[in-house]
Each structure stands twice: as C-alpha cells, then as structure tokens.
Amino acid sequence: MYKRTRIFDLNYYKFVGSWAWILHRLSGLALIFYLTLHIWVINTLTMGPEKFERVIQFLSSPLFKFLEVGLWGVILYHAFNGVRVVIVDFFKGSLVHKKLFVVLIAIAFVLWALGSYLLISHIQW
Amino acid sequence: MKKTFRESSKAGAIAWLLQRVTAVLLFIGLIYHFVYYHFISKGVYPWKEVVARMQSPWFNLLQFVFLAAALFHGLNGVWMVTEDYIHGKIWRMIIFCLILFVGLALFFVGILTIFKIQSVK
C-alpha cells in the first residue's frame, strides 16, 4: 500500500514550498468557478444587447468591483507561482525555489496593487 | 505488502506536459486579457463593440485556443487534486466522469457562443 496524502498533516506546512503549493491549489479551484461564470457571461452576448447590458450593469456594482480586485490577486498569485513551478520543472529552479517565490510574489504584489487601484478608480459610486 | 503505483506509471506524463504548455499560453493570454478588458476598457463593455470584435476570424481562433487551454488546465488541475486525495477506484471514476461532463458542457457552451455570435447583428 502506498502512503496516502493527509490533508491535515501539519508537518507539511512549515516550508515556503508547501504553502506555495496549497495556495496554488486553492487559487486554482477558485479560478475554475470563475471560469464557469465567465463562460456564462460571454454567452449572454448572444441574447441581445439588453440582456448583456443588464448582466454587465449587475457586475459593475462596487461589490463585484471589490471581488474583481480579489480575482486579480488570485489570478496573479496562481500565474506567478505557476511561473515558479515551470522554472522548477524545466530550468533547475528547485535550487532557488524559495528565492524565486519571494521575487515572483513581490512582482505579483506590485501588479496587484497597481491593478486594484485602477479597478477601484473605475467604480461609479 | 505489494506496492502499486499503477496510476502514476501508466499515464499522466502527457497531461503533466500539457498542463505546463497551457500554463504558459494562459499566462500570456490572461495577463493581456485582464489588462485590456479590465483596465484599459475601464469596465465599460458596449455590446456592439464586443460583438464586432468577436466576429473577427483571428479573435475567434484566439478564443477557441483560449477556451480549450483554460478548460483543460482547470479541469486537469481538479483531476490532479482528486488523484491526491481520492483513492477509491469507483470514486475516482465518478469524479472523472463528472469532470469530463462539466468540461464538455462548458466547451459546448463556449463553442456555441462563438458560432452564434457570428450571425448576431
């Protein structure tokens, strides 16, 4: 019998890599829900301008703008940690994967702050 | 005790590679998409403009690649999580069928959108 993965094995969670891994999974699962919503919203384009504009209006409320700020953060985390995964897998990144994490997440954080500022400035109160 | 690593030796290498290939595609595509549609557009989406853009052939090709890559990457990701925590054969089969069903359904909706939008005026 192989050893089963235990979700609550706390021994995992003292390393940068394990946090990066678990956050990657959680953000990934969140994004698949968003993708579903996105495909549906794009589909309303075919139902005529009234329906589409009603949906867009609904999604332009401050609440959804703040959710969009969160979405931008989740996307950036998943994307930049994904870059780290690719570098580790293809370019011997495992030797520097902790440093890579810090650098990439710092870049992601700057982009997140910039994007969030823009998104919030688009809110029509 | 008999060690069985059948799952990992039998398959997964191609999915592993495709997960990374689609990751690179999505990284470029998604950042561009988000900057263009969420920042530059200022959250304003006039129906006419969006539809006109979606009727151009290059955009359609891009959209198709993006849809396929995103669905594969996302649902293969869900399958990777499943393989880590679900070990029963029946449960795995049920979840696999569910993932396949959701994937095909979303793919169908996406393709339908691309086709239907061509005849919208």
# chains A, B, ... in the order shown; residues from 1 in each chain; ligands from 1
>>> residues_around(residues="Phe107 in chain B", least_positions_apart="4", cutoff="8 Å", atoms="only C-alpha atoms", output="list of chain:residue names")
B:Leu67, B:Ala68, B:Leu71, B:Gly103, B:Ile111
>>> interface_residues(of="chain A", to="chain B", cutoff="9 Å", atoms="only C-alpha atoms", output="number ranges by chain")
A: 1-2, 4-7, 25, 28-29, 31-32, 35-36, 39-40, 42-46, 48-50, 52-53, 56, 60, 68, 72, 75-76, 79-80, 82-83, 85-86, 115, 118-119, 121-123
>>> residues_around(residues="Asn81 in chain A", least_positions_apart="4", cutoff="12 Å", atoms="only C-alpha atoms", output="count of residues only")
37
>>> select_by_dssp(residues="chain A", states="helix (DSSP H, G or I)", output="ChimeraX atom specification")
/A:10-14,16-47,49-59,62-90,93-121
>>> write_last_selection(atoms="C-alpha atoms", output="mmCIF file, in the first residue's frame")
data_model
loop_
_atom_site.group_PDB
_atom_site.id
_atom_site.type_symbol
_atom_site.label_atom_id
_atom_site.label_comp_id
_atom_site.auth_asym_id
_atom_site.auth_seq_id
_atom_site.Cartn_x
_atom_site.Cartn_y
_atom_site.Cartn_z
ATOM 1 C CA LEU A 10 0.875 19.772 9.870
ATOM 2 C CA ASN A 11 4.442 18.666 9.137
ATOM 3 C CA TYR A 12 3.970 19.942 5.614
ATOM 4 C CA TYR A 13 3.195 23.484 6.482
ATOM 5 C CA LYS A 14 6.435 24.797 7.860
ATOM 6 C CA VAL A 16 7.584 28.030 1.878
ATOM 7 C CA GLY A 17 7.107 25.420 -0.834
ATOM 8 C CA SER A 18 4.215 23.690 0.889
ATOM 9 C CA TRP A 19 2.359 26.967 1.397
ATOM 10 C CA ALA A 20 3.003 27.909 -2.198
ATOM 11 C CA TRP A 21 1.636 24.510 -3.221
ATOM 12 C CA ILE A 22 -1.503 24.605 -1.101
ATOM 13 C CA LEU A 23 -2.302 28.206 -2.092
ATOM 14 C CA HIS A 24 -1.756 27.245 -5.730
ATOM 15 C CA ARG A 25 -4.370 24.541 -5.426
ATOM 16 C CA LEU A 26 -6.886 26.687 -3.574
ATOM 17 C CA SER A 27 -6.475 29.551 -6.045
ATOM 18 C CA GLY A 28 -6.780 27.092 -8.933
ATOM 19 C CA LEU A 29 -10.031 25.689 -7.578
ATOM 20 C CA ALA A 30 -11.366 29.232 -7.124
ATOM 21 C CA LEU A 31 -10.453 30.128 -10.694
ATOM 22 C CA ILE A 32 -12.318 27.182 -12.203
ATOM 23 C CA PHE A 33 -15.503 28.524 -10.600
ATOM 24 C CA TYR A 34 -14.771 31.928 -12.056
ATOM 25 C CA LEU A 35 -14.142 30.412 -15.500
ATOM 26 C CA THR A 36 -17.622 28.871 -15.388
ATOM 27 C CA LEU A 37 -19.163 32.245 -14.534
ATOM 28 C CA HIS A 38 -17.112 33.897 -17.268
ATOM 29 C CA ILE A 39 -18.259 31.476 -19.971
ATOM 30 C CA TRP A 40 -21.851 32.125 -18.937
ATOM 31 C CA VAL A 41 -21.443 35.937 -19.053
ATOM 32 C CA ILE A 42 -19.889 35.778 -22.523
ATOM 33 C CA ASN A 43 -22.776 33.552 -23.598
ATOM 34 C CA THR A 44 -25.272 36.309 -22.723
ATOM 35 C CA LEU A 45 -23.758 38.323 -25.607
ATOM 36 C CA THR A 46 -25.774 36.141 -27.954
ATOM 37 C CA MET A 47 -29.029 37.014 -26.158
ATOM 38 C CA PRO A 49 -27.852 43.945 -26.068
ATOM 39 C CA GLU A 50 -30.487 44.361 -23.329
ATOM 40 C CA LYS A 51 -29.707 41.109 -21.569
ATOM 41 C CA PHE A 52 -25.930 41.576 -21.852
ATOM 42 C CA GLU A 53 -26.010 45.140 -20.592
ATOM 43 C CA ARG A 54 -28.207 44.125 -17.662
ATOM 44 C CA VAL A 55 -25.682 41.481 -16.670
ATOM 45 C CA ILE A 56 -22.746 43.901 -17.067
ATOM 46 C CA GLN A 57 -24.560 46.513 -15.020
ATOM 47 C CA PHE A 58 -25.111 43.958 -12.283
ATOM 48 C CA LEU A 59 -21.410 43.045 -12.388
ATOM 49 C CA PRO A 62 -18.979 48.162 -6.069
ATOM 50 C CA LEU A 63 -19.334 44.686 -4.532
ATOM 51 C CA PHE A 64 -18.331 42.992 -7.781
ATOM 52 C CA LYS A 65 -15.530 45.509 -8.342
ATOM 53 C CA PHE A 66 -14.051 44.516 -4.997
ATOM 54 C CA LEU A 67 -14.491 40.862 -5.921
ATOM 55 C CA GLU A 68 -12.652 41.713 -9.156
ATOM 56 C CA VAL A 69 -9.793 43.107 -7.059
ATOM 57 C CA GLY A 70 -9.701 39.745 -5.289
ATOM 58 C CA LEU A 71 -9.887 37.900 -8.594
ATOM 59 C CA TRP A 72 -6.929 39.895 -9.942
ATOM 60 C CA GLY A 73 -4.977 38.879 -6.842
ATOM 61 C CA VAL A 74 -5.904 35.198 -7.151
ATOM 62 C CA ILE A 75 -5.011 35.200 -10.861
ATOM 63 C CA LEU A 76 -1.660 36.901 -10.216
ATOM 64 C CA TYR A 77 -0.783 34.520 -7.394
ATOM 65 C CA HIS A 78 -1.661 31.455 -9.460
ATOM 66 C CA ALA A 79 0.091 32.835 -12.560
ATOM 67 C CA PHE A 80 3.325 33.881 -10.846
ATOM 68 C CA ASN A 81 3.590 30.798 -8.668
ATOM 69 C CA GLY A 82 2.865 28.880 -11.894
ATOM 70 C CA VAL A 83 5.916 30.539 -13.459
ATOM 71 C CA ARG A 84 7.883 29.299 -10.462
ATOM 72 C CA VAL A 85 6.567 25.755 -10.990
ATOM 73 C CA VAL A 86 7.613 25.853 -14.654
ATOM 74 C CA ILE A 87 11.070 27.206 -13.763
ATOM 75 C CA VAL A 88 11.470 24.487 -11.115
ATOM 76 C CA ASP A 89 10.382 21.759 -13.543
ATOM 77 C CA PHE A 90 12.309 22.827 -16.633
ATOM 78 C CA GLY A 93 14.681 26.156 -10.345
ATOM 79 C CA SER A 94 14.464 23.769 -7.399
ATOM 80 C CA LEU A 95 17.850 25.052 -6.242
ATOM 81 C CA VAL A 96 16.463 28.555 -5.756
ATOM 82 C CA HIS A 97 12.725 27.911 -5.489
ATOM 83 C CA LYS A 98 12.296 29.786 -2.202
ATOM 84 C CA LYS A 99 14.039 32.892 -3.511
ATOM 85 C CA LEU A 100 12.053 32.574 -6.719
ATOM 86 C CA PHE A 101 8.862 32.525 -4.679
ATOM 87 C CA VAL A 102 9.739 35.735 -2.866
ATOM 88 C CA VAL A 103 10.795 37.571 -6.046
ATOM 89 C CA LEU A 104 7.834 36.454 -8.163
ATOM 90 C CA ILE A 105 5.282 37.116 -5.453
ATOM 91 C CA ALA A 106 6.800 40.570 -4.915
ATOM 92 C CA ILE A 107 6.304 41.312 -8.631
ATOM 93 C CA ALA A 108 2.776 39.914 -8.455
ATOM 94 C CA PHE A 109 2.030 42.071 -5.421
ATOM 95 C CA VAL A 110 3.141 45.260 -7.185
ATOM 96 C CA LEU A 111 0.983 44.375 -10.203
ATOM 97 C CA TRP A 112 -1.908 43.587 -7.867
ATOM 98 C CA ALA A 113 -1.651 46.947 -6.121
ATOM 99 C CA LEU A 114 -1.479 48.818 -9.446
ATOM 100 C CA GLY A 115 -4.399 46.898 -10.932
ATOM 101 C CA SER A 116 -6.501 47.213 -7.792
ATOM 102 C CA TYR A 117 -6.024 50.976 -7.806
ATOM 103 C CA LEU A 118 -7.276 51.104 -11.408
ATOM 104 C CA LEU A 119 -10.220 48.788 -10.716
ATOM 105 C CA ILE A 120 -11.356 50.800 -7.699
ATOM 106 C CA SER A 121 -10.985 54.056 -9.652
#
>>> closest_residue(among="B:Thr82, B:Ser56, B:Asn76, B:Gln63", to="Leu18 in chain B", atoms="only C-alpha atoms")
B:Asn76
>>> decode(residues="chain B", atoms="C-alpha atoms", output="mmCIF file, in the first residue's frame")
data_model
loop_
_atom_site.group_PDB
_atom_site.id
_atom_site.type_symbol
_atom_site.label_atom_id
_atom_site.label_comp_id
_atom_site.auth_asym_id
_atom_site.auth_seq_id
_atom_site.Cartn_x
_atom_site.Cartn_y
_atom_site.Cartn_z
ATOM 1 C CA MET B 1 2.923 -5.532 1.091
ATOM 2 C CA LYS B 2 2.531 -5.115 -2.575
ATOM 3 C CA LYS B 3 3.344 -1.689 -3.913
ATOM 4 C CA THR B 4 1.092 -0.465 -6.652
ATOM 5 C CA PHE B 5 1.947 2.736 -8.431
ATOM 6 C CA ARG B 6 -0.030 1.811 -11.477
ATOM 7 C CA GLU B 7 -1.713 5.178 -11.843
ATOM 8 C CA SER B 8 1.493 7.148 -11.928
ATOM 9 C CA SER B 9 3.389 4.841 -14.246
ATOM 10 C CA LYS B 10 0.594 4.221 -16.681
ATOM 11 C CA ALA B 11 -0.421 7.725 -17.541
ATOM 12 C CA GLY B 12 -0.050 11.326 -16.592
ATOM 13 C CA ALA B 13 3.127 12.371 -18.418
ATOM 14 C CA ILE B 14 1.292 13.924 -21.346
ATOM 15 C CA ALA B 15 -1.222 15.609 -19.062
ATOM 16 C CA TRP B 16 1.682 16.901 -16.957
ATOM 17 C CA LEU B 17 3.368 18.405 -20.017
ATOM 18 C CA LEU B 18 0.111 19.805 -21.401
ATOM 19 C CA GLN B 19 -0.606 21.376 -18.009
ATOM 20 C CA ARG B 20 2.638 23.340 -18.354
ATOM 21 C CA VAL B 21 2.181 24.180 -22.026
ATOM 22 C CA THR B 22 -1.337 25.511 -21.377
ATOM 23 C CA ALA B 23 0.023 27.329 -18.309
ATOM 24 C CA VAL B 24 2.421 29.330 -20.486
ATOM 25 C CA LEU B 25 -0.353 30.067 -23.011
ATOM 26 C CA LEU B 26 -2.722 31.143 -20.257
ATOM 27 C CA PHE B 27 -0.109 33.267 -18.518
ATOM 28 C CA ILE B 28 0.446 35.376 -21.632
ATOM 29 C CA GLY B 29 -3.196 35.339 -22.711
ATOM 30 C CA LEU B 30 -4.726 36.007 -19.323
ATOM 31 C CA ILE B 31 -2.479 38.909 -18.346
ATOM 32 C CA TYR B 32 -3.115 40.541 -21.739
ATOM 33 C CA HIS B 33 -6.844 39.819 -21.467
ATOM 34 C CA PHE B 34 -7.103 41.245 -17.966
ATOM 35 C CA VAL B 35 -5.104 44.377 -18.765
ATOM 36 C CA TYR B 36 -7.134 45.016 -21.902
ATOM 37 C CA TYR B 37 -10.644 44.152 -20.703
ATOM 38 C CA HIS B 38 -10.482 45.135 -17.076
ATOM 39 C CA PHE B 39 -8.079 48.101 -17.023
ATOM 40 C CA ILE B 40 -7.990 49.757 -20.458
ATOM 41 C CA SER B 41 -11.716 49.268 -21.083
ATOM 42 C CA LYS B 42 -12.426 50.801 -17.652
ATOM 43 C CA GLY B 43 -15.123 48.202 -17.079
ATOM 44 C CA VAL B 44 -17.280 49.566 -19.896
ATOM 45 C CA TYR B 45 -18.383 46.952 -22.413
ATOM 46 C CA PRO B 46 -20.587 48.322 -25.205
ATOM 47 C CA TRP B 47 -22.451 45.339 -26.648
ATOM 48 C CA LYS B 48 -21.939 46.430 -30.263
ATOM 49 C CA GLU B 49 -18.173 46.783 -29.933
ATOM 50 C CA VAL B 50 -17.730 43.484 -28.107
ATOM 51 C CA VAL B 51 -19.816 41.608 -30.673
ATOM 52 C CA ALA B 52 -17.974 43.260 -33.591
ATOM 53 C CA ARG B 53 -14.636 42.178 -32.099
ATOM 54 C CA MET B 54 -15.890 38.676 -31.540
ATOM 55 C CA GLN B 55 -16.841 38.370 -35.196
ATOM 56 C CA SER B 56 -13.281 38.739 -36.475
ATOM 57 C CA PRO B 57 -11.731 35.412 -37.523
ATOM 58 C CA TRP B 58 -8.434 35.921 -35.692
ATOM 59 C CA PHE B 59 -10.254 36.681 -32.497
ATOM 60 C CA ASN B 60 -12.285 33.501 -32.947
ATOM 61 C CA LEU B 61 -9.169 31.400 -33.314
ATOM 62 C CA LEU B 62 -7.666 33.027 -30.244
ATOM 63 C CA GLN B 63 -10.851 32.488 -28.301
ATOM 64 C CA PHE B 64 -11.045 28.848 -29.294
ATOM 65 C CA VAL B 65 -7.442 28.174 -28.240
ATOM 66 C CA PHE B 66 -8.014 30.079 -25.019
ATOM 67 C CA LEU B 67 -11.223 28.232 -24.197
ATOM 68 C CA ALA B 68 -9.672 24.827 -24.828
ATOM 69 C CA ALA B 69 -6.478 25.669 -22.917
ATOM 70 C CA ALA B 70 -8.322 27.146 -19.931
ATOM 71 C CA LEU B 71 -10.745 24.241 -19.650
ATOM 72 C CA PHE B 72 -8.010 21.649 -19.977
ATOM 73 C CA HIS B 73 -5.762 23.406 -17.473
ATOM 74 C CA GLY B 74 -8.544 23.969 -14.949
ATOM 75 C CA LEU B 75 -10.143 20.569 -15.104
ATOM 76 C CA ASN B 76 -6.854 18.696 -15.284
ATOM 77 C CA GLY B 77 -5.967 20.639 -12.166
ATOM 78 C CA VAL B 78 -9.112 19.398 -10.446
ATOM 79 C CA TRP B 79 -8.185 15.872 -11.527
ATOM 80 C CA MET B 80 -4.681 16.273 -10.058
ATOM 81 C CA VAL B 81 -6.216 17.265 -6.728
ATOM 82 C CA THR B 82 -8.594 14.293 -6.966
ATOM 83 C CA GLU B 83 -5.700 11.890 -7.564
ATOM 84 C CA ASP B 84 -4.010 13.137 -4.399
ATOM 85 C CA TYR B 85 -6.909 12.661 -2.036
ATOM 86 C CA ILE B 86 -9.337 10.176 -3.566
ATOM 87 C CA HIS B 87 -8.028 6.613 -3.723
ATOM 88 C CA GLY B 88 -11.110 4.508 -4.264
ATOM 89 C CA LYS B 89 -11.474 3.304 -7.837
ATOM 90 C CA ILE B 90 -15.214 3.901 -8.019
ATOM 91 C CA TRP B 91 -14.986 7.399 -6.543
ATOM 92 C CA ARG B 92 -12.227 8.291 -8.943
ATOM 93 C CA MET B 93 -14.290 7.073 -11.860
ATOM 94 C CA ILE B 94 -17.322 9.072 -10.695
ATOM 95 C CA ILE B 95 -15.270 12.244 -10.294
ATOM 96 C CA PHE B 96 -13.532 11.696 -13.621
ATOM 97 C CA CYS B 97 -16.888 11.367 -15.388
ATOM 98 C CA LEU B 98 -18.131 14.482 -13.585
ATOM 99 C CA ILE B 99 -15.059 16.486 -14.635
ATOM 100 C CA LEU B 100 -15.431 15.236 -18.205
ATOM 101 C CA PHE B 101 -19.110 16.142 -18.229
ATOM 102 C CA VAL B 102 -18.535 19.656 -16.848
ATOM 103 C CA GLY B 103 -15.647 20.169 -19.274
ATOM 104 C CA LEU B 104 -17.620 19.078 -22.318
ATOM 105 C CA ALA B 105 -20.672 21.089 -21.253
ATOM 106 C CA LEU B 106 -18.641 24.285 -20.773
ATOM 107 C CA PHE B 107 -16.760 23.639 -24.013
ATOM 108 C CA PHE B 108 -20.078 23.210 -25.797
ATOM 109 C CA VAL B 109 -21.458 26.468 -24.345
ATOM 110 C CA GLY B 110 -18.258 28.285 -25.351
ATOM 111 C CA ILE B 111 -18.259 26.926 -28.901
ATOM 112 C CA LEU B 112 -21.962 27.692 -29.212
ATOM 113 C CA THR B 113 -21.261 31.294 -28.190
ATOM 114 C CA ILE B 114 -18.514 31.622 -30.804
ATOM 115 C CA PHE B 115 -20.792 30.219 -33.537
ATOM 116 C CA LYS B 116 -23.940 32.066 -32.536
ATOM 117 C CA ILE B 117 -22.232 35.419 -32.288
ATOM 118 C CA GLN B 118 -21.307 35.291 -35.991
ATOM 119 C CA SER B 119 -24.914 35.739 -37.074
ATOM 120 C CA VAL B 120 -25.768 38.411 -34.486
ATOM 121 C CA LYS B 121 -26.250 41.896 -35.937
#
